[in-house]
>>> print(open('data35.tsv').read())   # TSV, C-alpha atoms and all ligand atoms
chain	number	residue	atom	x	y	z
A	1	MET	CA	0.00	0.00	0.00
A	2	ASN	CA	1.52	3.30	-1.09
A	3	THR	CA	1.40	6.42	1.04
A	4	PRO	CA	1.91	10.04	-0.06
A	5	GLU	CA	5.38	9.94	1.56
A	6	ASP	CA	6.44	7.52	-1.18
A	7	LEU	CA	6.11	10.42	-3.61
A	8	GLU	CA	8.64	12.59	-1.81
A	9	PRO	CA	11.42	11.87	-4.37
A	10	LEU	CA	9.28	13.88	-6.82
A	11	PHE	CA	9.20	16.84	-4.48
A	12	GLN	CA	12.92	17.24	-3.90
A	13	PRO	CA	14.68	20.26	-5.44
A	14	LEU	CA	16.62	19.81	-8.66
A	15	THR	CA	19.43	22.00	-9.96
A	16	ILE	CA	19.94	22.06	-13.74
A	17	ASN	CA	23.04	23.99	-14.75
A	18	GLY	CA	22.77	26.40	-11.83
A	19	LEU	CA	18.97	26.80	-11.92
A	20	THR	CA	17.35	25.31	-8.82
A	21	LEU	CA	13.80	24.10	-9.28
A	22	PRO	CA	11.71	23.45	-6.16
A	23	ASN	CA	10.60	19.98	-7.33
A	24	ARG	CA	11.06	17.38	-10.09
A	25	LEU	CA	7.80	17.98	-11.95
A	26	ALA	CA	7.65	19.61	-15.37
A	27	MET	CA	4.77	20.30	-17.69
A	28	ALA	CA	5.44	18.54	-20.99
A	29	PRO	CA	5.45	20.77	-24.08
A	30	MET	CA	1.95	20.76	-25.57
A	31	THR	CA	0.75	22.59	-28.65
A	32	ARG	CA	-2.67	24.02	-27.89
A	33	GLY	CA	-3.40	26.32	-30.80
A	34	PHE	CA	-4.73	29.23	-28.75
A	35	CYS	CA	-2.32	31.92	-29.97
A	36	PRO	CA	-4.21	33.93	-32.63
A	37	GLY	CA	-1.86	35.51	-35.14
A	38	ASN	CA	0.92	33.35	-33.62
A	39	VAL	CA	0.96	35.58	-30.52
A	40	PRO	CA	0.46	34.26	-26.95
A	41	THR	CA	-2.42	36.04	-25.22
A	42	GLU	CA	-3.24	36.91	-21.60
A	43	GLN	CA	-5.29	33.72	-21.54
A	44	VAL	CA	-2.18	31.72	-22.45
A	45	ALA	CA	-0.23	33.50	-19.68
A	46	ALA	CA	-2.97	32.66	-17.16
A	47	TYR	CA	-2.99	29.01	-18.33
A	48	TYR	CA	0.73	28.60	-17.64
A	49	ARG	CA	0.55	30.55	-14.37
A	50	ARG	CA	-2.23	28.29	-13.11
A	51	ARG	CA	0.05	25.24	-13.55
A	52	ALA	CA	2.89	27.02	-11.73
A	53	GLU	CA	0.53	27.83	-8.86
A	54	GLY	CA	-0.64	24.22	-8.85
A	55	GLY	CA	2.88	23.11	-7.96
A	56	THR	CA	4.56	22.31	-11.30
A	57	ALA	CA	8.07	23.68	-10.93
A	58	LEU	CA	9.00	23.81	-14.61
A	59	LEU	CA	6.72	24.74	-17.47
A	60	ILE	CA	7.96	23.75	-20.90
A	61	THR	CA	5.90	25.74	-23.35
A	62	GLU	CA	4.08	24.42	-26.35
A	63	GLY	CA	6.29	24.25	-29.45
A	64	VAL	CA	7.24	27.79	-30.51
A	65	GLY	CA	8.22	28.56	-34.11
A	66	ILE	CA	11.80	29.76	-34.40
A	67	ASP	CA	12.75	32.83	-36.40
A	68	HIS	CA	12.79	31.11	-39.79
A	69	PRO	CA	10.10	31.64	-42.44
A	70	SER	CA	9.33	27.94	-42.81
A	71	SER	CA	9.32	27.04	-39.11
A	72	VAL	CA	5.59	26.41	-38.60
A	73	GLY	CA	2.43	25.84	-40.59
A	74	ILE	CA	-0.47	23.43	-40.67
A	75	GLY	CA	0.71	20.11	-39.39
A	76	ALA	CA	0.30	20.97	-35.75
A	77	GLY	CA	-3.40	21.68	-35.83
A	78	SER	CA	-4.08	25.31	-36.55
A	79	ALA	CA	-1.06	27.14	-38.00
A	80	GLU	CA	-2.80	30.37	-37.04
A	81	GLY	CA	-2.80	29.40	-33.35
A	82	VAL	CA	0.79	28.19	-33.00
A	83	PRO	CA	3.02	30.80	-31.34
A	84	VAL	CA	6.33	32.08	-32.69
A	85	LEU	CA	9.37	33.62	-31.03
A	86	TYR	CA	9.91	36.64	-33.24
A	87	GLY	CA	8.17	39.94	-33.91
A	88	ASP	CA	7.21	42.62	-31.40
A	89	LYS	CA	3.74	41.27	-30.65
A	90	ALA	CA	4.83	37.71	-29.94
A	91	ILE	CA	7.78	38.93	-27.85
A	92	ALA	CA	5.48	41.16	-25.77
A	93	GLY	CA	3.09	38.22	-25.35
A	94	TRP	CA	5.88	35.96	-24.12
A	95	LYS	CA	7.09	38.64	-21.66
A	96	LYS	CA	3.66	38.54	-20.10
A	97	VAL	CA	3.68	34.73	-19.98
A	98	VAL	CA	7.09	34.68	-18.30
A	99	SER	CA	6.17	37.29	-15.71
A	100	GLU	CA	2.92	35.49	-14.85
A	101	VAL	CA	4.70	32.16	-14.42
A	102	HIS	CA	7.35	33.76	-12.22
A	103	ALA	CA	4.64	35.45	-10.16
A	104	GLY	CA	3.04	32.02	-9.75
A	105	GLY	CA	6.30	30.61	-8.38
A	106	GLY	CA	7.32	28.62	-11.47
A	107	PHE	CA	10.09	28.55	-14.06
A	108	ILE	CA	9.58	28.42	-17.80
A	109	PHE	CA	11.51	27.28	-20.89
A	110	PRO	CA	10.21	27.84	-24.45
A	111	GLN	CA	10.28	24.78	-26.70
A	112	LEU	CA	12.07	25.90	-29.86
A	113	TRP	CA	10.45	24.23	-32.84
A	114	HIS	CA	10.92	23.86	-36.57
A	115	GLN	CA	8.34	21.56	-38.11
A	116	GLY	CA	10.40	20.74	-41.20
A	117	PRO	CA	8.40	18.36	-43.41
A	118	PHE	CA	5.33	18.53	-41.12
A	119	ARG	CA	4.55	22.04	-42.32
A	120	LEU	CA	2.18	22.03	-45.25
A	121	PRO	CA	3.43	24.29	-48.04
A	122	GLY	CA	1.50	27.53	-48.29
A	123	THR	CA	0.56	27.68	-44.60
A	124	GLY	CA	1.87	29.40	-41.47
A	125	PRO	CA	2.97	32.97	-40.82
A	126	VAL	CA	5.00	33.00	-44.07
A	127	PRO	CA	2.92	31.00	-46.59
A	128	THR	CA	5.35	31.68	-49.45
A	129	ALA	CA	8.26	29.94	-47.69
A	130	GLU	CA	9.18	26.49	-48.98
A	131	SER	CA	8.87	23.53	-46.61
A	132	ILE	CA	12.26	21.96	-45.99
A	133	SER	CA	13.85	18.78	-44.69
A	134	PRO	CA	17.21	17.03	-45.02
A	135	SER	CA	16.32	15.10	-48.17
A	136	GLY	CA	13.01	16.56	-49.28
A	137	THR	CA	10.97	13.61	-48.00
A	138	TRP	CA	8.44	13.27	-45.21
A	139	GLY	CA	9.27	9.57	-44.92
A	140	PRO	CA	7.47	6.32	-45.66
A	141	THR	CA	3.67	6.52	-45.84
A	142	ASP	CA	2.87	2.89	-45.03
A	143	ARG	CA	3.68	2.93	-41.32
A	144	ARG	CA	1.58	2.98	-38.14
A	145	THR	CA	0.88	6.71	-37.73
A	146	ASN	CA	-1.65	9.26	-36.60
A	147	ALA	CA	-0.72	11.76	-39.32
A	148	HIS	CA	-3.91	13.35	-40.58
A	149	ALA	CA	-5.14	11.25	-43.49
A	150	GLU	CA	-6.41	14.43	-45.19
A	151	TYR	CA	-2.87	15.86	-45.22
A	152	MET	CA	-0.91	12.70	-46.03
A	153	GLU	CA	-0.89	13.29	-49.75
A	154	ALA	CA	0.45	16.82	-49.30
A	155	TYR	CA	3.09	15.70	-46.80
A	156	SER	CA	4.31	12.93	-49.05
A	157	THR	CA	4.75	15.25	-52.03
A	158	PRO	CA	8.48	15.95	-52.31
A	159	HIS	CA	9.56	19.37	-51.00
A	160	LYS	CA	12.86	21.19	-50.78
A	161	ALA	CA	15.93	19.18	-49.73
A	162	MET	CA	18.00	21.58	-47.64
A	163	THR	CA	21.12	23.07	-49.15
A	164	GLU	CA	24.14	23.84	-46.97
A	165	GLU	CA	22.94	27.42	-47.01
A	166	ASP	CA	19.49	26.40	-45.73
A	167	ILE	CA	21.17	24.43	-42.98
A	168	SER	CA	23.25	27.44	-41.89
A	169	ASP	CA	20.18	29.69	-42.02
A	170	VAL	CA	18.13	27.40	-39.81
A	171	ILE	CA	20.96	26.95	-37.31
A	172	ALA	CA	21.37	30.73	-37.14
A	173	ALA	CA	17.60	31.07	-36.61
A	174	TYR	CA	17.76	28.73	-33.61
A	175	GLY	CA	20.56	30.87	-32.17
A	176	ARG	CA	18.63	34.11	-32.75
A	177	SER	CA	15.48	32.74	-31.15
A	178	ALA	CA	17.40	31.47	-28.14
A	179	ALA	CA	18.93	34.93	-27.66
A	180	VAL	CA	15.46	36.47	-27.86
A	181	ALA	CA	14.20	33.94	-25.30
A	182	LYS	CA	16.98	34.91	-22.93
A	183	ASP	CA	16.21	38.62	-23.35
A	184	ILE	CA	12.53	37.97	-22.67
A	185	GLY	CA	13.48	36.41	-19.34
A	186	PHE	CA	12.88	32.69	-19.95
A	187	ASP	CA	14.80	30.53	-17.47
A	188	GLY	CA	16.19	28.01	-19.94
A	189	ILE	CA	15.74	26.59	-23.42
A	190	ALA	CA	13.99	23.41	-24.52
A	191	ILE	CA	14.70	22.04	-28.01
A	192	HIS	CA	12.22	19.91	-29.95
A	193	GLY	CA	14.33	17.15	-31.45
A	194	ALA	CA	11.54	14.54	-31.56
A	195	SER	CA	8.29	13.39	-33.21
A	196	GLY	CA	9.44	13.58	-36.84
A	197	TYR	CA	9.96	17.34	-37.04
A	198	LEU	CA	13.01	18.99	-38.59
A	199	ILE	CA	15.78	18.02	-36.16
A	200	ASP	CA	14.41	14.49	-35.87
A	201	THR	CA	14.33	14.06	-39.64
A	202	PHE	CA	18.11	14.51	-39.65
A	203	LEU	CA	18.45	11.82	-36.95
A	204	TRP	CA	16.16	9.28	-38.63
A	205	PRO	CA	17.71	7.31	-41.55
A	206	GLU	CA	14.31	7.06	-43.30
A	207	THR	CA	14.20	10.84	-43.82
A	208	ASN	CA	17.92	11.57	-43.94
A	209	LYS	CA	19.34	10.20	-47.19
A	210	ARG	CA	22.08	12.81	-47.46
A	211	THR	CA	25.50	11.84	-48.68
A	212	ASP	CA	27.29	14.93	-47.32
A	213	ARG	CA	28.58	15.35	-43.75
A	214	TYR	CA	24.99	15.64	-42.40
A	215	GLY	CA	23.96	12.14	-43.52
A	216	GLY	CA	25.22	8.57	-43.11
A	217	ASP	CA	25.99	6.95	-39.76
A	218	MET	CA	24.67	8.11	-36.40
A	219	ALA	CA	27.59	10.50	-35.86
A	220	ALA	CA	26.87	12.24	-39.18
A	221	ARG	CA	23.10	12.26	-38.68
A	222	SER	CA	23.60	13.89	-35.26
A	223	ARG	CA	25.68	16.71	-36.71
A	224	PHE	CA	22.79	19.05	-37.51
A	225	ALA	CA	21.25	18.63	-34.05
A	226	ALA	CA	24.62	19.22	-32.42
A	227	GLU	CA	25.22	22.36	-34.49
A	228	VAL	CA	21.80	23.66	-33.45
A	229	VAL	CA	22.65	23.04	-29.79
A	230	ARG	CA	26.05	24.69	-30.21
A	231	ALA	CA	24.47	27.80	-31.76
A	232	ILE	CA	21.98	28.00	-28.91
A	233	ARG	CA	24.71	27.52	-26.31
A	234	GLU	CA	26.73	30.32	-27.91
A	235	ALA	CA	23.68	32.57	-27.93
A	236	VAL	CA	22.66	32.04	-24.30
A	237	GLY	CA	26.06	31.58	-22.66
A	238	PRO	CA	27.35	28.79	-20.43
A	239	THR	CA	24.91	29.09	-17.53
A	240	MET	CA	21.45	28.87	-19.06
A	241	PRO	CA	19.94	25.35	-18.90
A	242	ILE	CA	19.35	23.56	-22.21
A	243	VAL	CA	16.99	20.57	-22.37
A	244	PHE	CA	16.92	18.47	-25.55
A	245	ARG	CA	13.90	16.30	-26.39
A	246	PHE	CA	14.54	13.22	-28.52
A	247	ALA	CA	12.49	10.13	-29.31
A	248	GLN	CA	12.69	6.85	-31.13
A	249	TRP	CA	9.05	7.02	-32.39
A	250	LYS	CA	7.89	9.49	-35.04
A	251	GLN	CA	4.45	10.69	-35.96
A	252	GLN	CA	5.28	9.25	-39.41
A	253	ASP	CA	6.04	5.87	-37.81
A	254	PHE	CA	5.09	4.96	-34.25
A	255	ASP	CA	7.43	1.96	-34.34
A	256	ALA	CA	10.47	3.81	-35.68
A	257	THR	CA	13.92	3.69	-34.15
A	258	ILE	CA	16.81	6.08	-34.62
A	259	ALA	CA	19.16	3.96	-32.55
A	260	GLU	CA	19.17	0.17	-32.77
A	261	THR	CA	21.42	-0.27	-29.75
A	262	PRO	CA	22.44	1.66	-26.62
A	263	ASP	CA	25.88	2.18	-28.16
A	264	GLU	CA	24.35	3.90	-31.16
A	265	LEU	CA	22.15	6.04	-28.93
A	266	GLY	CA	25.25	6.96	-26.95
A	267	ILE	CA	26.89	8.37	-30.09
A	268	MET	CA	24.01	10.81	-30.55
A	269	LEU	CA	23.73	11.73	-26.88
A	270	ASN	CA	27.43	12.35	-26.56
A	271	ALA	CA	27.50	14.60	-29.63
A	272	LEU	CA	24.68	16.64	-28.10
A	273	THR	CA	26.31	16.68	-24.66
A	274	ASP	CA	29.56	17.97	-26.14
A	275	ALA	CA	27.56	20.70	-27.87
A	276	GLY	CA	26.05	21.91	-24.59
A	277	VAL	CA	22.93	19.96	-23.54
A	278	ASP	CA	22.31	19.84	-19.77
A	279	MET	CA	19.33	17.49	-19.67
A	280	PHE	CA	17.73	14.98	-22.04
A	281	ASP	CA	13.94	14.75	-22.26
A	282	ALA	CA	13.43	11.19	-23.52
A	283	SER	CA	10.06	11.33	-25.23
A	284	THR	CA	8.15	8.04	-24.97
A	285	LEU	CA	4.49	7.12	-24.89
A	286	TYR	CA	5.03	4.97	-21.75
A	287	PHE	CA	7.64	6.31	-19.33
A	288	ASN	CA	8.40	2.82	-17.97
A	289	LYS	CA	8.64	0.78	-21.18
A	290	PRO	CA	12.02	-0.90	-21.75
A	291	ALA	CA	13.88	0.89	-24.56
A	292	PHE	CA	16.04	-1.98	-25.80
A	293	ALA	CA	15.88	-5.77	-25.69
A	294	ASP	CA	17.70	-7.49	-22.82
A	295	SER	CA	17.29	-4.64	-20.33
A	296	PRO	CA	14.36	-3.31	-18.29
A	297	LEU	CA	15.65	0.27	-18.47
A	298	PRO	CA	13.35	2.85	-20.07
A	299	LEU	CA	14.68	5.46	-22.52
A	300	ALA	CA	15.15	8.21	-19.91
A	301	ALA	CA	17.31	5.87	-17.83
A	302	TRP	CA	19.44	5.05	-20.84
A	303	ALA	CA	19.77	8.76	-21.63
A	304	LYS	CA	21.14	9.46	-18.16
A	305	LYS	CA	23.37	6.40	-18.07
A	306	LEU	CA	24.88	6.92	-21.51
A	307	SER	CA	25.35	10.69	-21.39
A	308	GLY	CA	26.13	11.26	-17.71
A	309	LYS	CA	23.68	14.17	-17.93
A	310	GLN	CA	20.33	14.59	-16.18
A	311	SER	CA	17.24	13.15	-17.80
A	312	MET	CA	13.50	13.59	-17.82
A	313	ALA	CA	10.95	10.79	-18.23
A	314	VAL	CA	7.57	11.31	-19.88
A	315	GLY	CA	4.66	9.29	-21.20
A	316	GLY	CA	1.44	8.18	-19.59
A	317	ILE	CA	2.31	9.40	-16.10
A	318	GLY	CA	-0.85	9.47	-13.98
A	319	LEU	CA	-3.03	8.06	-16.76
A	320	SER	CA	-4.31	4.66	-17.87
A	321	ASP	CA	-3.77	5.09	-21.63
A	322	SER	CA	-1.08	6.56	-23.84
A	323	LEU	CA	-1.47	9.81	-25.76
A	324	PHE	CA	-2.69	8.30	-29.03
A	325	ASN	CA	-4.87	5.61	-27.44
A	326	SER	CA	-6.58	8.22	-25.32
A	327	LEU	CA	-7.24	10.42	-28.33
A	328	SER	CA	-8.94	7.56	-30.16
A	329	ILE	CA	-11.00	6.26	-27.23
A	330	GLY	CA	-11.96	9.68	-25.89
A	331	GLY	CA	-9.87	9.95	-22.73
A	332	ALA	CA	-7.95	8.17	-19.98
A	333	GLN	CA	-8.55	7.26	-16.36
A	334	VAL	CA	-6.31	8.13	-13.43
A	335	GLU	CA	-3.60	5.54	-12.89
A	336	LYS	CA	-1.37	5.87	-9.86
A	337	ASN	CA	1.79	4.89	-11.72
A	338	TYR	CA	3.41	8.01	-10.30
A	339	TYR	CA	4.41	5.84	-7.35
A	340	GLU	CA	6.42	3.69	-9.74
A	341	ALA	CA	7.90	6.86	-11.27
A	342	ALA	CA	8.94	8.07	-7.81
A	343	GLU	CA	10.51	4.71	-7.05
A	344	ARG	CA	12.47	4.72	-10.30
A	345	MET	CA	13.60	8.29	-9.64
A	346	ALA	CA	14.77	7.33	-6.15
A	347	LYS	CA	16.82	4.54	-7.74
A	348	GLY	CA	18.50	7.17	-9.91
A	349	GLU	CA	17.03	6.13	-13.27
A	350	PHE	CA	16.06	9.73	-14.12
A	351	ASP	CA	15.86	13.14	-12.48
A	352	SER	CA	12.62	14.71	-13.54
A	353	LEU	CA	9.12	13.84	-14.78
A	354	ALA	CA	7.23	15.64	-17.53
A	355	ILE	CA	3.47	15.44	-17.19
A	356	GLY	CA	1.37	16.10	-20.27
A	357	ARG	CA	-2.37	15.44	-20.52
A	358	ALA	CA	-2.85	15.02	-16.78
A	359	LEU	CA	-1.82	18.66	-16.33
A	360	ILE	CA	-4.15	19.85	-19.07
A	361	SER	CA	-7.06	18.27	-17.19
A	362	ASP	CA	-5.90	19.22	-13.73
A	363	PRO	CA	-3.64	22.25	-13.09
A	364	GLU	CA	-3.42	21.21	-9.43
A	365	TRP	CA	-2.17	17.72	-10.23
A	366	PRO	CA	1.09	18.05	-8.20
A	367	GLN	CA	-0.61	19.29	-5.06
A	368	LYS	CA	-3.36	16.71	-5.36
A	369	VAL	CA	-1.15	13.67	-5.79
A	370	ARG	CA	1.18	14.88	-3.05
A	371	THR	CA	-1.67	15.04	-0.58
A	372	GLY	CA	-3.28	11.76	-1.66
A	373	GLN	CA	-6.25	13.36	-3.46
A	374	GLU	CA	-7.62	12.01	-6.74
A	375	PRO	CA	-6.67	14.22	-9.72
A	376	ALA	CA	-9.09	14.76	-12.63
A	377	VAL	CA	-9.39	12.22	-15.43
A	378	PHE	CA	-8.30	13.25	-18.94
A	379	ARG	CA	-11.10	13.78	-21.45
A	380	ARG	CA	-10.38	14.44	-25.12
A	381	GLU	CA	-12.73	17.44	-24.89
A	382	ASP	CA	-10.27	19.07	-22.46
A	383	LEU	CA	-8.10	19.85	-25.48
A	384	GLY	CA	-10.81	22.07	-26.91
A	385	GLN	CA	-10.44	24.74	-24.25
A	386	LEU	CA	-7.57	26.59	-22.58
A	387	VAL	CA	-8.23	26.88	-18.86
B	401	LIG	C1	-2.36	18.37	-27.08
B	401	LIG	C2	-0.93	17.91	-27.13
B	401	LIG	C3	0.00	18.68	-27.82
B	401	LIG	C4	1.35	18.28	-27.84
B	401	LIG	N1	2.28	19.11	-28.43
B	401	LIG	C5	3.60	18.85	-28.30
B	401	LIG	C6	4.58	19.82	-28.67
B	401	LIG	O1	4.29	20.95	-29.10
B	401	LIG	N2	5.88	19.47	-28.52
B	401	LIG	C7	6.27	18.24	-28.04
B	401	LIG	O2	7.46	17.98	-27.93
B	401	LIG	N3	5.35	17.33	-27.65
B	401	LIG	C8	4.04	17.62	-27.73
B	401	LIG	N4	3.10	16.74	-27.23
B	401	LIG	C9	3.56	15.50	-26.55
B	401	LIG	C10	3.69	15.74	-25.04
B	401	LIG	O3	4.74	16.63	-24.74
B	401	LIG	C11	3.95	14.44	-24.27
B	401	LIG	O4	5.20	13.92	-24.65
B	401	LIG	C12	2.89	13.41	-24.51
B	401	LIG	O5	1.59	13.96	-24.38
B	401	LIG	C13	3.03	12.23	-23.54
B	401	LIG	O6	2.84	12.69	-22.22
B	401	LIG	P1	1.45	12.36	-21.44
B	401	LIG	O7	1.23	10.88	-21.63
B	401	LIG	O8	1.75	12.74	-20.02
B	401	LIG	O9	0.38	13.16	-22.06
B	401	LIG	C14	1.74	17.09	-27.22
B	401	LIG	C15	0.79	16.32	-26.54
B	401	LIG	C16	-0.53	16.73	-26.47
B	401	LIG	C17	-1.53	15.92	-25.69
>>> encode(input="data35.tsv", output="structure tokens", more="lines below")
Ligand SMILES: Cc1cc2nc3c(=O)[nH]c(=O)nc-3n(C[C@H](O)[C@H](O)[C@H](O)COP(=O)(O)O)c2cc1C
Amino acid sequence: MNTPEDLEPLFQPLTINGLTLPNRLAMAPMTRGFCPGNVPTEQVAAYYRRRAEGGTALLITEGVGIDHPSSVGIGAGSAEGVPVLYGDKAIAGWKKVVSEVHAGGGFIFPQLWHQGPFRLPGTGPVPTAESISPSGTWGPTDRRTNAHAEYMEAYSTPHKAMTEEDISDVIAAYGRSAAVAKDIGFDGIAIHGASGYLIDTFLWPETNKRTDRYGGDMAARSRFAAEVVRAIREAVGPTMPIVFRFAQWKQQDFDATIAETPDELGIMLNALTDAGVDMFDASTLYFNKPAFADSPLPLAAWAKKLSGKQSMAVGGIGLSDSLFNSLSIGGAQVEKNYYEAAERMAKGEFDSLAIGRALISDPEWPQKVRTGQEPAVFRREDLGQLV
């Protein structure tokens, strides 16, 4: 029988590159689509503040388009409602978000995002920009996926394979956006390197067919991601935390792998560590699922073990069903697997937990679980409103 005291590992402070967070709970980055004109509103600021007040120490924002014309478009729901990190209005909006979160006692990192081949041509803040990816392909179309059937044909139409100049431009855009984030007052930077978006399409052999130094084995496929991290590190200086999200699975292919073995994963993680990452956010649908055959360790535990850096676990924490299952069946029940997460954290498998849907449904999730109360269930309809 578990008692609330068993959850205390989750409520210990955590220092990431000099930034001390009061507990180990983070809100996972979640695109919501409530930023008209790509600008976060007062309602968005209140939404994040509410989670800070509810006891979540670290808010990772929804994906935010970096300062590159092709960074976001339809592919993430409504292109119109996805925020960006450039332009006076968006910057003013983010200042308000940051000050509200700080007033609520929390810390906040923006998730820097370039959708790459998931942006439909002709959409987003700059409709004339060409969609780009390492080799001009979205990837195979016969895999297990949740990609919108109505968009599949458009995604799978070849688009622009990035030139060396495109690569330099995008890397510079990441650096510029990170500098803007620092000026705004964000406490750290989160990088979206998962789910089949631009950075991930360099890591995944199915979408990276390049024969130059950005394609080939894992070391070469990691080069773009590492150069992005390096540019961000240069822009923000040595003491601002950088969290990098990676995943095996892609929205193009739920069963995909970028690393077949721990050794191969280690090559990628070490390249990113050398470039300046402080913490790895190992994106999985089930936080406790073994990542490789012959070992019970989940991906976040491997990330920590292989890199020597801190890691964050995510996926199904507090809920009975994974993200995609819950979207198809209409929701998920409360599951007290956070006790298992606390136990794994106490054993040193990972340092932090990112909570996604459970925090959309219940901003007071941390306080409730800590005091043994039942948090709210997740209903698909909860995604339709921002409260
Ligand atoms: C509505 C919604 C939007 C999401 N948007 C993003 C995003 O912008 N960036 C990202 O890295 N992950 C995104 N995710 C994935 C979450 O960060 C998280 O990894 C996933 O929901 C699993 O955590 P959970 O089981 O606790 O919900 C999104 C998830 C949801 C439910």
>>> residues_around(input="data35.tsv", residues="A:Met27", least_positions_apart="2", cutoff="10 Å", atoms="all atoms listed in the file", output="PyMOL selection string")
chain A and resi 25+29-30+48+51-52+56-62+108+314+353-360+363
>>> residues_around(input="data35.tsv", residues="A:Trp249", least_positions_apart="4", cutoff="8 Å", atoms="all atoms listed in the file", output="PyMOL selection string")
chain A and resi 194-196+253-257+284
>>> closest_residue(input="data35.tsv", among="A:Ala346, A:Ala190, A:Met218, A:Ala90", to="ligand LIG 401 (chain B)", atoms="only C-alpha atoms and all ligand atoms")
A:Ala190
>>> closest_residue(input="data35.tsv", among="A:Thr201, A:Asn146, A:Thr211, A:Ser320", to="ligand LIG 401 (chain B)", atoms="all atoms listed in the file")
A:Ser320
>>> closest_residue(input="data35.tsv", among="A:Val44, A:Gly104, A:Asp169, A:Pro121", to="A:Ala79", atoms="only C-alpha atoms")
A:Pro121
>>> closest_residue(input="data35.tsv", among="A:Gln12, A:Ser135, A:Ser307, A:Asn288", to="ligand LIG 401 (chain B)", atoms="all atoms listed in the file")
A:Asn288
>>> residues_around(input="data35.tsv", residues="A:Ser71", least_positions_apart="5", cutoff="6 Å", atoms="all atoms listed in the file", output="list in words")
Gly65, Ile66, His114 and Gln115 of chain A
